[in-house]
Amino acid sequence: MLDTIDTLCGDRLALDPYLDEFDARVASLRNTDIWKVERRQDFDQPESESWLAFRDGRHEESLRLLEKNRPALRKSFVELSDQGCTLKRIRVVEKPFTTYLRWELHSLHLRAQCGEDVRVISADSLAGFERNGQVPEIVTLGDSLTYRILYDAQGVLRGGIRFTDPTIAARCREEIAALHEIGEDLAHYFPREVVETGPRCGRP
């Protein structure tokens, strides 16, 4: 399903409707997991002061800004846990790291410490899904809802395509879970592979 979801018809949502709907759906989840696969190596998050600082070479400032977000992240993941839910993410990594990926690994390290289940895989692990092109960014919510997340050419978030077929959600979840199973926990990957560019973000 990860290699064919691009060919399926769903409901296209512009950025604001997508964000509003996604937040509302997450808030309504109970006793289920959220599964996400993140494939692209380059994104752009102009709304993130931390990312903009890292992109501009102000690494220490960037990591301090990430760290300031720790209380809010902890609160979010406690609320998710109270709903009986966990966010499980697979992050595909290729070397050499792009500037964005290096920053994001710091961000994900902090998120993992606050409650997200983040594992890392190499692009080789996706070879069976990428004979005809790169796997898109996908997230599943519960038993019936799947979003293919949309970005522009620069990697700026532009919205999503919603699928409500339970079969699509089940197959995507199954395939992402299998990748998650073979992935390496970010807690082990981060200190070994991420070259530090300043004070470490995400100290307990």
# chains A, B, ... in the order shown; residues from 1 in each chain; ligands from 1

call {"tool": "residues_around", "arguments": {"residues": "segment 191-195 of chain A", "least_positions_apart": "2", "cutoff": "8 Å", "atoms": "only C-alpha atoms", "output": "PyMOL selection string"}}
result
chain A and resi 102+105+187-189+197

call {"tool": "residues_around", "arguments": {"residues": "Arg25 of chain A", "least_positions_apart": "6", "cutoff": "12 Å", "atoms": "only C-alpha atoms", "output": "PyMOL selection string"}}
result
chain A and resi 17-19+34+80+140-142+144-147+162

call {"tool": "write_last_selection", "arguments": {"atoms": "C-alpha atoms", "output": "compact mmCIF listing (two decimals), in the first residue's frame"}}
result
# COMPACT_ATOMS: atom_id res chain seq x y z
CA PRO A 17 -8.59 22.61 6.72
CA TYR A 18 -6.05 19.78 6.91
CA LEU A 19 -4.44 21.12 10.08
CA ILE A 34 -0.90 6.83 15.34
CA LEU A 80 -2.17 11.46 24.17
CA THR A 140 -2.76 6.77 9.97
CA LEU A 141 -5.20 7.67 12.74
CA GLY A 142 -7.13 4.78 14.20
CA SER A 144 -10.13 3.99 9.15
CA LEU A 145 -8.34 7.29 8.59
CA THR A 146 -5.19 7.79 6.54
CA TYR A 147 -3.56 10.98 5.31
CA ARG A 162 -7.64 12.03 3.25

call {"tool": "closest_residue", "arguments": {"among": "A:Pro166, A:Leu65, A:Leu29, A:Thr98", "to": "Glu79 of chain A", "atoms": "only C-alpha atoms"}}
result
A:Leu29

call {"tool": "residues_around", "arguments": {"residues": "Lys68 of chain A", "least_positions_apart": "3", "cutoff": "12 Å", "atoms": "only C-alpha atoms", "output": "PyMOL selection string"}}
result
chain A and resi 49-50+61-65+71-74+107+110+201-203

call {"tool": "atom_distance", "arguments": {"atom1": "atom CA of Val156 of chain A", "atom2": "atom CA of Phe22 of chain A"}}
result
17.0 Å

call {"tool": "atom_distance", "arguments": {"atom1": "atom CA of Ile161 of chain A", "atom2": "atom CA of Pro136 of chain A"}}
result
11.3 Å

call {"tool": "closest_residue", "arguments": {"among": "A:Ile5, A:Ala153, A:Ile176, A:Val139", "to": "Leu126 of chain A", "atoms": "only C-alpha atoms"}}
result
A:Ile176

call {"tool": "atom_distance", "arguments": {"atom1": "atom CA of Arg148 of chain A", "atom2": "atom CA of Glu130 of chain A"}}
result
16.0 Å

call {"tool": "closest_residue", "arguments": {"among": "A:Trp103, A:Phe97, A:Trp35, A:Phe54", "to": "Ala177 of chain A", "atoms": "only C-alpha atoms"}}
result
A:Trp35

call {"tool": "closest_residue", "arguments": {"among": "A:Gly84, A:Gly57, A:Gly128, A:Gly183", "to": "Ser28 of chain A", "atoms": "only C-alpha atoms"}}
result
A:Gly84

call {"tool": "closest_residue", "arguments": {"among": "A:Ala14, A:Cys9, A:Cys85, A:Met1", "to": "Leu157 of chain A", "atoms": "only C-alpha atoms"}}
result
A:Ala14

call {"tool": "residues_around", "arguments": {"residues": "segment 36-48 of chain A", "least_positions_apart": "5", "cutoff": "9 Å", "atoms": "only C-alpha atoms", "output": "compact mmCIF listing (two decimals) with C-alpha atoms, in the first residue's frame"}}
result
# COMPACT_ATOMS: atom_id res chain seq x y z
CA ALA A 53 18.12 29.43 13.27
CA LEU A 87 2.57 8.15 18.23
CA LYS A 88 4.89 5.71 16.46
CA ARG A 89 7.14 7.20 13.77
CA ILE A 90 9.55 5.72 11.28
CA ARG A 91 12.16 8.22 10.10
CA VAL A 92 14.07 7.23 6.96
CA VAL A 93 17.66 8.54 7.03
CA GLU A 94 20.19 8.86 4.27
CA PHE A 97 22.60 14.17 6.42
CA THR A 98 20.93 17.18 4.88
CA THR A 99 20.89 20.29 7.05
CA TYR A 100 17.20 19.78 7.65
CA LEU A 101 17.55 16.14 8.64
CA ALA A 123 16.44 3.93 2.58
CA GLN A 134 9.70 7.34 -3.45
CA VAL A 135 7.25 6.46 -0.69
CA PRO A 136 5.24 9.56 0.32
CA GLU A 137 4.77 10.86 3.85
CA ILE A 138 1.83 9.00 5.39
CA VAL A 139 0.07 9.00 8.75
CA THR A 140 -2.76 6.77 9.97
CA TYR A 151 4.40 19.36 0.41
CA GLN A 154 10.70 23.13 -1.33
CA GLY A 155 9.24 20.81 1.29
CA VAL A 156 6.77 23.28 2.80
CA LEU A 157 3.59 21.68 4.14
CA ARG A 173 -0.55 0.57 9.41
CA ILE A 176 4.56 0.95 8.67
CA LEU A 179 9.22 -1.13 9.19
CA HIS A 180 9.00 0.15 12.75
